[in-house]
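Containing mmCIF, C-alpha atoms and all ligand atoms: data_1.cif.
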```
data_entry
#
loop_
_atom_site.label_atom_id
_atom_site.label_comp_id
_atom_site.auth_asym_id
_atom_site.auth_seq_id
_atom_site.Cartn_x
_atom_site.Cartn_y
_atom_site.Cartn_z
CA MET P 219 155.92 49.21 75.71
CA THR P 220 152.80 50.02 73.70
CA ALA P 221 150.92 53.26 74.02
CA THR P 222 148.08 51.44 75.78
CA GLU P 223 150.40 49.97 78.38
CA ASP P 224 151.96 53.36 78.83
CA ARG P 225 148.62 54.96 79.61
CA ALA P 226 147.70 52.15 81.97
CA SER P 227 150.91 52.50 83.95
CA ALA P 228 150.43 56.26 84.12
CA ARG P 229 147.03 55.69 85.67
CA ARG P 230 148.48 53.33 88.24
CA ARG P 231 151.17 55.75 89.25
CA PRO P 232 150.31 57.18 92.66
CA LYS P 233 149.45 60.85 92.53
CA GLU P 234 151.83 63.19 94.20
CA GLY P 235 150.95 66.44 95.83
CA PRO P 236 148.59 67.56 98.53
CA GLU P 237 146.73 65.50 101.09
CA PRO P 238 144.69 62.80 99.29
CA ALA P 239 141.02 63.69 99.19
CA ALA P 240 139.28 61.92 102.04
CA PRO P 241 136.27 59.84 101.06
CA ARG P 242 133.08 61.76 101.64
CA ALA P 243 131.49 60.26 104.69
CA PRO P 244 128.18 61.19 106.21
CA GLY P 245 128.31 63.09 109.45
CA PRO P 246 130.01 66.25 110.56
CA GLU P 247 133.40 67.01 109.12
CA ARG P 248 136.30 68.63 110.89
CA THR P 249 138.64 71.22 109.45
CA CYS P 250 142.39 70.77 109.79
CA VAL P 251 144.03 73.82 111.38
CA GLY P 252 147.07 73.12 109.20
CA CYS P 253 145.85 72.72 105.61
CA ARG P 254 142.31 74.08 106.23
CA LYS P 255 140.78 71.07 104.44
CA ALA P 256 137.76 69.40 105.95
CA GLY P 257 137.53 65.68 106.46
CA PRO P 258 135.87 62.97 108.53
CA PRO P 259 136.91 63.08 112.22
CA ALA P 260 138.60 59.66 111.88
CA ALA P 261 141.18 61.14 109.48
CA LEU P 262 142.25 63.85 111.91
CA VAL P 263 143.36 64.04 115.53
CA ARG P 264 142.06 66.46 118.11
CA LEU P 265 144.56 68.44 120.14
CA VAL P 266 143.47 69.77 123.49
CA ALA P 267 145.26 72.01 125.97
CA ASP P 268 145.13 71.80 129.74
CA ALA P 269 144.98 74.79 132.06
CA GLU P 270 148.76 75.23 131.92
CA GLY P 271 148.75 75.29 128.14
CA LYS P 272 150.22 71.79 127.82
CA VAL P 273 149.01 70.28 124.58
CA THR P 274 147.89 66.66 124.47
CA VAL P 275 145.89 64.52 122.09
CA ASP P 276 142.27 63.67 122.75
CA HIS P 277 141.99 60.17 121.32
CA ARG P 278 138.26 59.86 121.56
CA GLY P 279 138.02 62.95 119.40
CA ARG P 280 135.43 64.55 121.63
CA GLY P 281 136.86 65.87 124.85
CA ALA P 282 134.41 66.34 127.64
CA SER P 283 135.07 70.05 127.78
CA GLY P 284 137.33 72.75 126.54
CA ARG P 285 138.38 73.73 123.09
CA GLY P 286 140.12 71.54 120.63
CA ALA P 287 142.06 71.92 117.43
CA TRP P 288 141.73 69.29 114.72
CA VAL P 289 144.74 68.52 112.56
CA HIS P 290 145.84 65.83 110.12
CA PRO P 291 148.48 63.70 111.88
CA THR P 292 151.15 64.54 109.33
CA ARG P 293 154.35 66.49 109.65
CA ARG P 294 153.24 68.90 106.94
CA CYS P 295 149.92 69.82 108.54
CA LEU P 296 151.54 70.18 111.99
CA LYS P 297 154.11 72.51 110.46
CA ALA P 298 151.43 74.57 108.72
CA ALA P 299 149.42 74.75 111.94
CA ALA P 300 152.46 75.95 113.87
CA GLN P 301 153.39 78.56 111.25
CA ARG P 302 149.90 80.01 111.27
CA HIS P 303 149.68 79.86 115.08
CA ALA P 304 146.40 78.19 114.30
CA ALA P 305 146.58 75.66 117.08
CA GLU P 306 146.95 78.30 119.78
CA ARG P 307 143.99 80.22 118.43
CA SER P 308 141.75 77.17 118.22
CA LEU P 309 142.83 75.93 121.61
CA GLY P 310 142.20 79.32 123.14
CA VAL P 311 145.44 79.24 125.10
CA ALA P 312 148.37 81.57 125.16
CA VAL P 313 151.40 79.40 124.63
CA ASP P 314 154.77 80.96 125.15
CA PRO P 315 156.90 80.26 123.27
CA ALA P 316 154.55 79.63 120.38
CA LEU P 317 153.77 76.00 119.66
CA SER P 318 156.39 74.84 117.20
CA ALA P 319 155.81 72.08 114.68
CA ASP P 320 158.30 70.00 116.65
CA ALA P 321 156.40 70.51 119.89
CA LEU P 322 153.14 69.51 118.19
CA ALA P 323 154.82 66.49 116.61
CA GLU P 324 156.31 65.45 119.95
CA ALA P 325 152.92 65.71 121.68
CA LEU P 326 151.35 63.67 118.92
CA LYS P 327 154.12 61.05 118.93
CA ARG P 328 153.90 60.65 122.69
CA ALA P 329 150.14 60.22 122.50
CA LEU P 330 150.30 57.74 119.62
CA ALA P 331 153.05 55.69 121.32
CA GLN P 332 150.96 55.66 124.48
CA LYS P 333 147.97 54.46 122.50
CA ALA P 334 150.01 51.71 120.81
CA LEU P 335 151.23 50.62 124.23
CA SER P 336 147.75 50.46 125.71
CA LEU P 337 146.49 48.45 122.71
CA LEU P 338 149.34 45.96 123.19
CA LEU P 339 148.62 45.69 126.89
CA VAL P 340 144.91 45.11 126.25
CA SER P 341 145.87 42.43 123.76
CA ALA P 342 148.18 40.79 126.32
CA ARG P 343 145.56 40.99 129.06
CA THR P 344 142.92 39.32 126.91
CA GLY P 345 145.30 36.51 125.99
CA SER P 346 145.37 37.39 122.30
CA LEU P 347 149.02 38.38 122.10
CA ALA P 348 151.93 36.07 121.30
CA VAL P 349 155.07 37.53 122.90
CA GLY P 350 158.40 36.51 121.41
CA ALA P 351 159.46 34.60 118.30
CA ALA P 352 158.84 31.18 119.86
CA ALA P 353 155.26 32.09 120.81
CA VAL P 354 154.61 33.60 117.37
CA GLU P 355 155.91 30.45 115.71
CA ARG P 356 153.76 28.21 117.92
CA GLY P 357 150.70 30.32 117.13
CA MET P 358 151.25 30.47 113.38
CA ASP P 359 148.71 27.75 112.63
CA GLY P 360 145.99 29.78 114.31
CA PRO P 361 144.59 33.14 113.33
CA VAL P 362 147.21 35.90 113.37
CA ALA P 363 145.93 39.37 112.50
CA LEU P 364 149.14 41.38 112.78
CA CYS P 365 152.81 40.81 113.51
CA LEU P 366 155.14 43.42 114.98
CA ALA P 367 158.86 42.98 114.43
CA ALA P 368 161.49 44.93 116.35
CA ALA P 369 163.66 47.10 114.10
CA ASP P 370 166.74 45.26 115.36
CA ALA P 371 165.23 41.76 115.19
CA GLY P 372 167.82 39.08 114.45
CA ALA P 373 168.05 37.01 111.28
CA SER P 374 165.96 34.06 112.50
CA ALA P 375 163.16 36.35 113.75
CA LYS P 376 163.19 38.15 110.39
CA VAL P 377 162.85 34.84 108.54
CA LEU P 378 159.91 33.95 110.78
CA ALA P 379 158.34 37.38 110.13
CA GLU P 380 158.67 36.73 106.40
CA ARG P 381 156.90 33.41 106.79
CA VAL P 382 154.10 35.16 108.67
CA ALA P 383 153.88 37.80 105.90
CA GLU P 384 153.65 35.04 103.27
CA ARG P 385 150.42 33.99 104.93
CA GLY P 386 148.97 37.39 104.08
CA VAL P 387 149.47 38.80 107.58
CA ARG P 388 150.67 42.38 107.81
CA VAL P 389 154.09 42.75 109.45
CA LEU P 390 155.04 46.15 110.84
CA ILE P 391 158.42 47.23 112.16
CA TYR P 392 157.91 48.71 115.59
CA GLY P 393 160.23 49.56 118.46
CA THR P 394 163.38 47.69 119.35
CA LYS P 395 163.94 44.31 121.01
CA GLU P 396 164.67 46.16 124.22
CA SER P 397 161.64 48.48 124.10
CA LEU P 398 159.28 45.60 123.24
CA GLY P 399 160.85 43.50 125.98
CA ASN P 400 160.38 46.28 128.51
CA LEU P 401 156.64 46.32 127.83
CA PHE P 402 156.36 42.78 129.10
CA GLY P 403 159.05 42.78 131.75
CA ARG P 404 161.38 40.70 129.63
CA GLY P 405 164.92 41.15 128.44
CA GLU P 406 164.44 41.36 124.71
CA VAL P 407 161.47 40.57 122.47
CA ALA P 408 161.89 40.48 118.68
CA LEU P 409 158.36 39.56 117.54
CA LEU P 410 154.78 40.05 118.68
CA GLY P 411 151.74 38.37 117.15
CA LEU P 412 148.23 39.78 117.60
CA ARG P 413 145.23 37.51 117.18
CA ASP P 414 142.48 40.05 117.86
CA ALA P 415 141.53 41.59 114.49
CA ARG P 416 139.91 44.68 115.98
CA ILE P 417 142.93 45.56 118.13
CA ALA P 418 145.21 44.77 115.18
CA THR P 419 143.34 47.21 112.92
CA GLU P 420 143.52 49.96 115.51
CA LEU P 421 147.19 49.31 116.20
CA CYS P 422 147.99 49.38 112.46
CA ALA P 423 146.28 52.76 112.13
CA THR P 424 148.14 54.07 115.18
CA ILE P 425 151.55 52.92 113.94
CA ASP P 426 150.82 54.28 110.45
CA ARG P 427 150.02 57.64 112.00
CA LEU P 428 153.22 57.57 114.01
CA ALA P 429 155.13 57.00 110.78
CA GLY P 430 153.26 59.94 109.20
CA VAL P 431 154.29 62.26 112.02
CA GLU P 432 157.91 61.11 111.89
CA ASP P 433 158.25 61.73 108.13
ZN ZN P 501 145.71 69.03 107.17
#
```
Could you write out this file's structure as structure tokens?
Amino acid sequence: MTATEDRASARRRPKEGPEPAAPRAPGPERTCVGCRKAGPPAALVRLVADAEGKVTVDHRGRGASGRGAWVHPTRRCLKAAAQRHAAERSLGVAVDPALSADALAEALKRALAQKALSLLLVSARTGSLAVGAAAVERGMDGPVALCLAAADAGASAKVLAERVAERGVRVLIYGTKESLGNLFGRGEVALLGLRDARIATELCATIDRLAGVED
């Protein structure tokens, strides 16, 4: 390898370390209660607490009332927020025992899974969702914006998912055959194909966030 190539590959190497700097966007920024860095609202999630101190996620990012705490949806920022008791302070609730990182992560995971579910149901309701490997295969000639494959999908479904990916369609592993099947009142479903690009983008972001919380 020449010195030039060496420098080029060093530049390509992804940087390690703290939260990547969010692109500066116009509009008000929000400060993460975990890492204390500010960023555009879209990069953070807003936690809200109800009267009993139960913490949930406000997906619209602007709850009608009450206080909220903004945090990056990552394990590290949730942990930092819990250690500093920052969420309780921002939420203005006395939580006993103190909100642990696990409790925050669980609340966030529940909310994100719920959001993924509602996006899938909207997609099904609007007729833009192919449910099952056979339906995905039949719809392959048309526009497919995203494919979800169950973690325990069988060999033939995996081959089909690879063919979908070769067409430049993003394939995400999500749920199990049983959990995907349950969504649609079926036994087992290995593959889902989304045709609506807007829903697909939102679902991708939601599943990516889920993965960030689980790390
Ligand atoms: Zn943060």
Original post:
What is the distance between atom CA of P:Ser397 and atom CA of P:Ala371, in Å to one decimal?
Top reply: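 Value for the atom CA of P:Ser397-atom CA of P:Ala371 distance: 11.7 Å.
Take atom CA of P:Ala299 and atom CA of P:Val251: the distance between them is 5.5 Å.
In this comparison, which uses all atoms listed in the file, the residue of P:Pro259, P:Val266, P:Val289, P:Ser308 approaching ligand ZN 501 (chain P) most closely is P:Val289.
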Pick out the residues no farther than 9 Å from ligand ZN 501 (chain P), counting only C-alpha atoms and all ligand atoms, and list them as an mmCIF file with C-alpha atoms, in the coordinates of the input.
```cif
data_model
loop_
_atom_site.group_PDB
_atom_site.id
_atom_site.type_symbol
_atom_site.label_atom_id
_atom_site.label_comp_id
_atom_site.auth_asym_id
_atom_site.auth_seq_id
_atom_site.Cartn_x
_atom_site.Cartn_y
_atom_site.Cartn_z
ATOM 1 C CA GLU P 237 146.730 65.500 101.090
ATOM 2 C CA THR P 249 138.640 71.220 109.450
ATOM 3 C CA CYS P 250 142.390 70.770 109.790
ATOM 4 C CA VAL P 251 144.030 73.820 111.380
ATOM 5 C CA GLY P 252 147.070 73.120 109.200
ATOM 6 C CA CYS P 253 145.850 72.720 105.610
ATOM 7 C CA ARG P 254 142.310 74.080 106.230
ATOM 8 C CA LYS P 255 140.780 71.070 104.440
ATOM 9 C CA ALA P 256 137.760 69.400 105.950
ATOM 10 C CA GLY P 257 137.530 65.680 106.460
ATOM 11 C CA LEU P 262 142.250 63.850 111.910
ATOM 12 C CA TRP P 288 141.730 69.290 114.720
ATOM 13 C CA VAL P 289 144.740 68.520 112.560
ATOM 14 C CA HIS P 290 145.840 65.830 110.120
ATOM 15 C CA PRO P 291 148.480 63.700 111.880
ATOM 16 C CA THR P 292 151.150 64.540 109.330
ATOM 17 C CA ARG P 294 153.240 68.900 106.940
ATOM 18 C CA CYS P 295 149.920 69.820 108.540
ATOM 19 C CA LEU P 296 151.540 70.180 111.990
ATOM 20 C CA ALA P 298 151.430 74.570 108.720
ATOM 21 C CA ALA P 299 149.420 74.750 111.940
#
```
**OP:** Would you mind reading off the distance between atom CA of P:Val263 and atom CA of P:Ala329, one decimal, in Å?
**Re:** 10.4 Å
Original post:
Near stretch 356-363 of chain P, within 10 Å and counting all atoms listed in the file, which residues show up once chain neighbours fewer than 2 positions away are dropped, as a ChimeraX atom specification?
Top reply: /P:346-348,351-354,365,378,381-382,385-389,411-419
**OP:** Rank P:Glu380, P:Ala267, P:Leu326, P:Gln301 by their smallest atom-to-atom distance to P:Gly430, using all atoms listed in the file, and report the top residue only.
**Re:** P:Leu326
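Among the candidates P:Leu390, P:Leu339, P:Ala379, P:Ala269, the residue lying nearest to P:Ala429 is P:Leu390 (atoms considered: all atoms listed in the file).
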Original post:
Could you pull the residues within 8 Å of P:Ala408, counting all atoms listed in the file, minus those fewer than 5 positions along the same chain, as a ChimeraX atom specification?
Top reply: /P:350-351,367-368,370-372,375,394-395,398-399
Original post:
Of the candidates P:Arg285, P:Asp426, P:Ala342, P:Arg302, which one gets nearest to P:Ser318 if we count only C-alpha atoms?
Top reply: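 Nearest to P:Ser318: P:Arg302.
Considering the residues P:Asp268, P:His303, P:Glu396, P:Ala325 and counting all atoms listed in the file, P:Glu432 has its shortest atom-to-atom contact with P:Ala325.
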Subject >> Selected residue, from P:Ile425, P:Ile391, P:Val349, P:Lys376, that lies nearest to P:Gly403 when counting all atoms listed in the file >> reply: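 Result for the nearest residue to P:Gly403: P:Val349.
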